Amino acid sequence: MSKAKQSTHQILADHSAAKVRGFSYYLGIYLNILGKTGTVDSVYLYDLMCGEGEYADQREGSALKGLREVLRYISEYPAETLHINYLLNDAGMSGVEPGRRKIDRVKEKASLILFRPEAAERLTVAYRALPLANVMSQAIDRVQRLKPFREKALLFIDPWGYKDIRTDDLKAALAGGQSEVLLFLPIEMMWRFTSKAYHEDFEGGQALQDWLKDLFPEALPTFADVHDFIEQFRSRLQKRIDVRYSSRFTLQAANRNTYSLFYFTSNRKGLQKMLESQWKEDPDEGSGHRANQNFNLFKPGEIAGYPAHVHAYLAAAPSRTNEDLLDFGLDKGFLPKHTADVLKALPIGHLKVWEPNCTPLRRNTFYLNDLDRQIRFALTSPNHVPI
């Protein structure tokens, strides 16, 4: 059967492959950071709907890609003591091998790479075939018992749809600030039916209605397009689950359907590293995977408009700190280097930069990645708007 005729239950489509790359890239960075702290003893990794493992097109899904990233980390840092507890779960039946469970295929494929002796003492892998609600409950129970500063958790939730995901569960999974969540949703399918689901009861619409009423209880706002829906959805969900940082990475399938990978964390460094993975996948915009390179995921002019956003932010207060500017950029989806480029482009004399003792700093010195030094910024010409 040709790739074109195989369903996404059998092959790993390009947009899904991009999602898996983002997950595994971030996972590698995440483990490196935890291992180097010297204070974290254990991390709990949950791939709650891990899929097939290997698909009919020989592409590996998150279960095997993630496992390989864990083994790479252990191999490259043999002296570190971080213990990794990895739960791979999927209750579904295989679309690649009818009659077999997905998790059995994952376990079989995983056994072929779990032979490295150095992994034995630092990695514990468990396989489950539980419904999402059950395994989510178990993950929440474990997360809420994490030892402060000594244990961390990362949950990857990639369901077929959204009906089994509850905002209360996401909030509970993130409570305490010791955990992070990656959530993949068929966001365009949700957007298409927002108005109908919000105002009407119809067969199959209850789950979406629950999401919308939970996030927009007062009234359903107007959404200019699917990307506007993504941003408003992310903002409301972040507030609803009470977490400081979030990002979204948009993925367009070959059939033009749009999906989104949302990330939630209480850790600033976590967000920065997730954004690095997004900009690695999409060096031009950091916004997502496109089925067509001519398709822009940002609205026209939004990237070019970032300098104006930074300028307006600076102009809205007598001064800002380097921490303020770092958070502002990350919240907008930009890395410190992007914010630094905006500051460097301001005309000479339009930006004042100084230390708390009022010592001015040399030009183009911003310390956006060094918050041990508090630096202050102010516009000397707040009415100047960068082009």
# chains A, B, ... in the order shown; residues from 1 in each chain; ligands from 1
call {"tool": "residues_around", "arguments": {"residues": "segment 364-371 of chain A", "least_positions_apart": "6", "cutoff": "12 Å", "atoms": "only C-alpha atoms", "output": "MDAnalysis selection string"}}
result
chainID A and resid 268:269 272 320:330 335:349 351:355 377
call {"tool": "write_last_selection", "arguments": {"atoms": "C-alpha atoms", "output": "PDB file, in the first residue's frame"}}
result
ATOM      1  CA  ARG A 268      11.251  29.959  32.885  1.00  0.00           C
ATOM      2  CA  LYS A 269      14.258  27.974  31.729  1.00  0.00           C
ATOM      3  CA  GLN A 272      13.225  29.025  26.937  1.00  0.00           C
ATOM      4  CA  ARG A 320      12.244  47.741  32.767  1.00  0.00           C
ATOM      5  CA  THR A 321      14.667  45.135  34.080  1.00  0.00           C
ATOM      6  CA  ASN A 322      16.492  42.484  32.077  1.00  0.00           C
ATOM      7  CA  GLU A 323      14.203  39.942  33.757  1.00  0.00           C
ATOM      8  CA  ASP A 324      11.167  41.903  32.574  1.00  0.00           C
ATOM      9  CA  LEU A 325      12.438  41.890  28.988  1.00  0.00           C
ATOM     10  CA  LEU A 326      13.364  38.216  29.111  1.00  0.00           C
ATOM     11  CA  ASP A 327       9.880  37.233  30.280  1.00  0.00           C
ATOM     12  CA  PHE A 328       8.219  39.567  27.788  1.00  0.00           C
ATOM     13  CA  GLY A 329      10.067  37.988  24.878  1.00  0.00           C
ATOM     14  CA  LEU A 330       9.473  34.420  26.038  1.00  0.00           C
ATOM     15  CA  LEU A 335      14.285  33.930  22.408  1.00  0.00           C
ATOM     16  CA  PRO A 336      16.618  36.336  24.254  1.00  0.00           C
ATOM     17  CA  LYS A 337      18.709  36.751  21.096  1.00  0.00           C
ATOM     18  CA  HIS A 338      15.660  38.076  19.233  1.00  0.00           C
ATOM     19  CA  THR A 339      14.950  40.651  21.943  1.00  0.00           C
ATOM     20  CA  ALA A 340      18.625  41.594  22.013  1.00  0.00           C
ATOM     21  CA  ASP A 341      18.556  42.152  18.248  1.00  0.00           C
ATOM     22  CA  VAL A 342      15.613  44.533  18.668  1.00  0.00           C
ATOM     23  CA  LEU A 343      17.464  46.498  21.345  1.00  0.00           C
ATOM     24  CA  LYS A 344      20.625  46.650  19.256  1.00  0.00           C
ATOM     25  CA  ALA A 345      18.678  48.045  16.325  1.00  0.00           C
ATOM     26  CA  LEU A 346      17.430  51.069  18.264  1.00  0.00           C
ATOM     27  CA  PRO A 347      19.151  54.275  17.176  1.00  0.00           C
ATOM     28  CA  ILE A 348      22.124  55.367  19.258  1.00  0.00           C
ATOM     29  CA  GLY A 349      20.963  57.465  22.170  1.00  0.00           C
ATOM     30  CA  LEU A 351      18.034  53.429  24.855  1.00  0.00           C
ATOM     31  CA  LYS A 352      19.536  53.911  28.301  1.00  0.00           C
ATOM     32  CA  VAL A 353      20.964  50.817  30.024  1.00  0.00           C
ATOM     33  CA  TRP A 354      22.375  50.887  33.551  1.00  0.00           C
ATOM     34  CA  GLU A 355      23.091  48.872  36.697  1.00  0.00           C
ATOM     35  CA  PHE A 377      16.407  49.771  30.563  1.00  0.00           C
TER      36      PHE A 377
END
call {"tool": "select_by_dssp", "arguments": {"residues": "segment 174-237 of chain A", "states": "strand (DSSP E)", "output": "number ranges by chain"}}
result
A: 179-185
call {"tool": "select_by_dssp", "arguments": {"residues": "segment 173-387 of chain A", "states": "helix (DSSP H, G or I)", "output": "MDAnalysis selection string"}}
result
chainID A and resid 173:174 187:192 194:199 206:215 226:240 268:281 306:315 322:332 336:345
call {"tool": "write_last_selection", "arguments": {"atoms": "C-alpha atoms", "output": "mmCIF file, in the first residue's frame"}}
result
data_model
loop_
_atom_site.group_PDB
_atom_site.id
_atom_site.type_symbol
_atom_site.label_atom_id
_atom_site.label_comp_id
_atom_site.auth_asym_id
_atom_site.auth_seq_id
_atom_site.Cartn_x
_atom_site.Cartn_y
_atom_site.Cartn_z
ATOM 1 C CA ALA A 173 -0.778 17.604 36.991
ATOM 2 C CA LEU A 174 0.992 20.972 37.164
ATOM 3 C CA ILE A 187 -7.026 22.600 17.174
ATOM 4 C CA GLU A 188 -8.561 23.366 13.770
ATOM 5 C CA MET A 189 -11.278 20.765 14.262
ATOM 6 C CA MET A 190 -12.082 22.450 17.569
ATOM 7 C CA TRP A 191 -12.061 25.939 16.013
ATOM 8 C CA ARG A 192 -14.419 24.989 13.175
ATOM 9 C CA THR A 194 -16.651 26.591 18.348
ATOM 10 C CA SER A 195 -19.745 28.699 17.677
ATOM 11 C CA LYS A 196 -22.060 25.743 17.187
ATOM 12 C CA ALA A 197 -20.725 23.846 20.201
ATOM 13 C CA TYR A 198 -20.873 26.885 22.465
ATOM 14 C CA HIS A 199 -24.465 27.781 21.645
ATOM 15 C CA GLN A 206 -20.440 17.871 24.420
ATOM 16 C CA ALA A 207 -16.686 17.564 24.944
ATOM 17 C CA LEU A 208 -15.929 20.701 22.929
ATOM 18 C CA GLN A 209 -18.724 22.570 24.658
ATOM 19 C CA ASP A 210 -17.226 21.629 28.028
ATOM 20 C CA TRP A 211 -13.826 22.996 26.930
ATOM 21 C CA LEU A 212 -15.280 26.250 25.641
ATOM 22 C CA LYS A 213 -17.610 26.903 28.583
ATOM 23 C CA ASP A 214 -14.710 26.228 30.936
ATOM 24 C CA LEU A 215 -12.272 28.580 29.175
ATOM 25 C CA VAL A 226 -7.531 29.448 13.532
ATOM 26 C CA HIS A 227 -4.295 31.124 14.652
ATOM 27 C CA ASP A 228 -6.197 33.722 16.637
ATOM 28 C CA PHE A 229 -8.174 30.872 18.199
ATOM 29 C CA ILE A 230 -4.910 29.117 19.122
ATOM 30 C CA GLU A 231 -3.580 32.214 20.874
ATOM 31 C CA GLN A 232 -6.771 32.949 22.796
ATOM 32 C CA PHE A 233 -7.186 29.262 23.657
ATOM 33 C CA ARG A 234 -3.613 29.061 24.956
ATOM 34 C CA SER A 235 -3.943 32.238 26.995
ATOM 35 C CA ARG A 236 -7.193 31.161 28.647
ATOM 36 C CA LEU A 237 -5.983 27.618 29.277
ATOM 37 C CA GLN A 238 -2.772 28.913 30.842
ATOM 38 C CA LYS A 239 -4.786 31.100 33.187
ATOM 39 C CA ARG A 240 -7.300 28.332 33.929
ATOM 40 C CA ARG A 268 11.251 29.959 32.885
ATOM 41 C CA LYS A 269 14.258 27.974 31.729
ATOM 42 C CA GLY A 270 11.952 25.184 30.588
ATOM 43 C CA LEU A 271 10.018 27.599 28.388
ATOM 44 C CA GLN A 272 13.225 29.025 26.937
ATOM 45 C CA LYS A 273 14.467 25.561 26.014
ATOM 46 C CA MET A 274 11.116 24.610 24.515
ATOM 47 C CA LEU A 275 11.214 27.748 22.376
ATOM 48 C CA GLU A 276 14.725 26.805 21.297
ATOM 49 C CA SER A 277 13.366 23.482 20.050
ATOM 50 C CA GLN A 278 10.612 25.327 18.164
ATOM 51 C CA TRP A 279 13.045 27.703 16.511
ATOM 52 C CA LYS A 280 15.254 24.744 15.629
ATOM 53 C CA GLU A 281 12.322 23.110 13.815
ATOM 54 C CA TYR A 306 8.010 42.390 17.209
ATOM 55 C CA PRO A 307 10.276 45.491 17.484
ATOM 56 C CA ALA A 308 7.165 47.657 17.860
ATOM 57 C CA HIS A 309 5.903 45.348 20.637
ATOM 58 C CA VAL A 310 9.219 45.647 22.491
ATOM 59 C CA HIS A 311 9.208 49.422 22.015
ATOM 60 C CA ALA A 312 5.651 49.727 23.344
ATOM 61 C CA TYR A 313 6.529 47.559 26.337
ATOM 62 C CA LEU A 314 9.523 49.730 27.189
ATOM 63 C CA ALA A 315 7.570 52.942 26.665
ATOM 64 C CA ASN A 322 16.492 42.484 32.077
ATOM 65 C CA GLU A 323 14.203 39.942 33.757
ATOM 66 C CA ASP A 324 11.167 41.903 32.574
ATOM 67 C CA LEU A 325 12.438 41.890 28.988
ATOM 68 C CA LEU A 326 13.364 38.216 29.111
ATOM 69 C CA ASP A 327 9.880 37.233 30.280
ATOM 70 C CA PHE A 328 8.219 39.567 27.788
ATOM 71 C CA GLY A 329 10.067 37.988 24.878
ATOM 72 C CA LEU A 330 9.473 34.420 26.038
ATOM 73 C CA ASP A 331 5.763 35.095 26.515
ATOM 74 C CA LYS A 332 5.641 36.359 22.931
ATOM 75 C CA PRO A 336 16.618 36.336 24.254
ATOM 76 C CA LYS A 337 18.709 36.751 21.096
ATOM 77 C CA HIS A 338 15.660 38.076 19.233
ATOM 78 C CA THR A 339 14.950 40.651 21.943
ATOM 79 C CA ALA A 340 18.625 41.594 22.013
ATOM 80 C CA ASP A 341 18.556 42.152 18.248
ATOM 81 C CA VAL A 342 15.613 44.533 18.668
ATOM 82 C CA LEU A 343 17.464 46.498 21.345
ATOM 83 C CA LYS A 344 20.625 46.650 19.256
ATOM 84 C CA ALA A 345 18.678 48.045 16.325
#
call {"tool": "closest_residue", "arguments": {"among": "A:Ala18, A:Leu114, A:Ile84, A:Cys358", "to": "Phe249 of chain A", "atoms": "only C-alpha atoms"}}
result
A:Ala18
call {"tool": "residues_around", "arguments": {"residues": "Ala175 of chain A", "least_positions_apart": "2", "cutoff": "9 Å", "atoms": "only C-alpha atoms", "output": "compact mmCIF listing (two decimals) with N, CA and C atoms, in the first residue's frame"}}
result
# COMPACT_ATOMS: atom_id res chain seq x y z
N VAL A 143 2.65 12.77 40.61
CA VAL A 143 3.15 14.15 40.54
C VAL A 143 2.91 14.89 41.85
N GLN A 144 1.76 14.66 42.44
CA GLN A 144 1.43 15.39 43.66
C GLN A 144 2.20 14.88 44.88
N LEU A 170 -5.29 18.75 34.02
CA LEU A 170 -4.07 19.47 33.65
C LEU A 170 -3.59 20.34 34.82
N LYS A 171 -4.52 21.00 35.46
CA LYS A 171 -4.16 21.84 36.61
C LYS A 171 -3.56 21.00 37.72
N ALA A 172 -4.18 19.85 38.00
CA ALA A 172 -3.67 18.97 39.06
C ALA A 172 -2.29 18.43 38.71
N ALA A 173 -2.07 18.15 37.42
CA ALA A 173 -0.78 17.60 36.99
C ALA A 173 0.35 18.62 37.11
N GLY A 177 4.44 23.04 40.84
CA GLY A 177 5.56 23.59 40.07
C GLY A 177 6.69 22.63 39.79
N GLN A 178 6.49 21.33 40.03
CA GLN A 178 7.55 20.34 39.83
C GLN A 178 7.43 19.61 38.49
N SER A 179 6.36 19.94 37.73
CA SER A 179 6.08 19.17 36.53
C SER A 179 5.82 20.08 35.34
N ILE A 241 -5.41 26.83 34.25
CA ILE A 241 -4.67 25.80 34.97
C ILE A 241 -3.60 26.40 35.88
N ASP A 242 -3.55 27.74 35.90
CA ASP A 242 -2.73 28.48 36.87
C ASP A 242 -1.25 28.12 36.77
N VAL A 243 -0.68 28.38 35.59
CA VAL A 243 0.73 28.11 35.38
C VAL A 243 1.35 29.35 34.74
call {"tool": "residues_around", "arguments": {"residues": "segment 155-158 of chain A", "least_positions_apart": "4", "cutoff": "7 Å", "atoms": "only C-alpha atoms", "output": "list in words"}}
result
Leu45, Tyr46, Asp47, Leu48, Met49, Glu180, Val181, Leu182, Leu183 and Phe184 of chain A
call {"tool": "closest_atom_pairs", "arguments": {"of": "segment 129-173 of chain A", "to": "segment 90-112 of chain A", "cutoff": "10 Å", "atoms": "only C-alpha atoms", "output": "tab-separated table"}}
result
residue	atom	partner	partner_atom	distance
A:Ala129	CA	A:Ala91	CA	4.1
A:Leu130	CA	A:Ala91	CA	5.1
A:Pro131	CA	A:Ala91	CA	5.6
A:Leu132	CA	A:Ala91	CA	7.8
A:Val135	CA	A:Asp90	CA	9.3
A:Pro159	CA	A:Asp90	CA	9.6
call {"tool": "atom_distance", "arguments": {"atom1": "atom CA of Arg244 of chain A", "atom2": "atom CA of Asn89 of chain A"}}
result
28.0 Å
call {"tool": "closest_residue", "arguments": {"among": "A:Tyr86, A:Tyr26, A:Tyr259, A:Tyr73", "to": "Thr124 of chain A", "atoms": "only C-alpha atoms"}}
result
A:Tyr86
call {"tool": "closest_residue", "arguments": {"among": "A:Asp169, A:Asp284, A:Glu54, A:Glu200", "to": "Asp141 of chain A", "atoms": "only C-alpha atoms"}}
result
A:Asp169
call {"tool": "atom_distance", "arguments": {"atom1": "atom CA of Pro283 of chain A", "atom2": "atom CA of Val70 of chain A"}}
result
25.2 Å
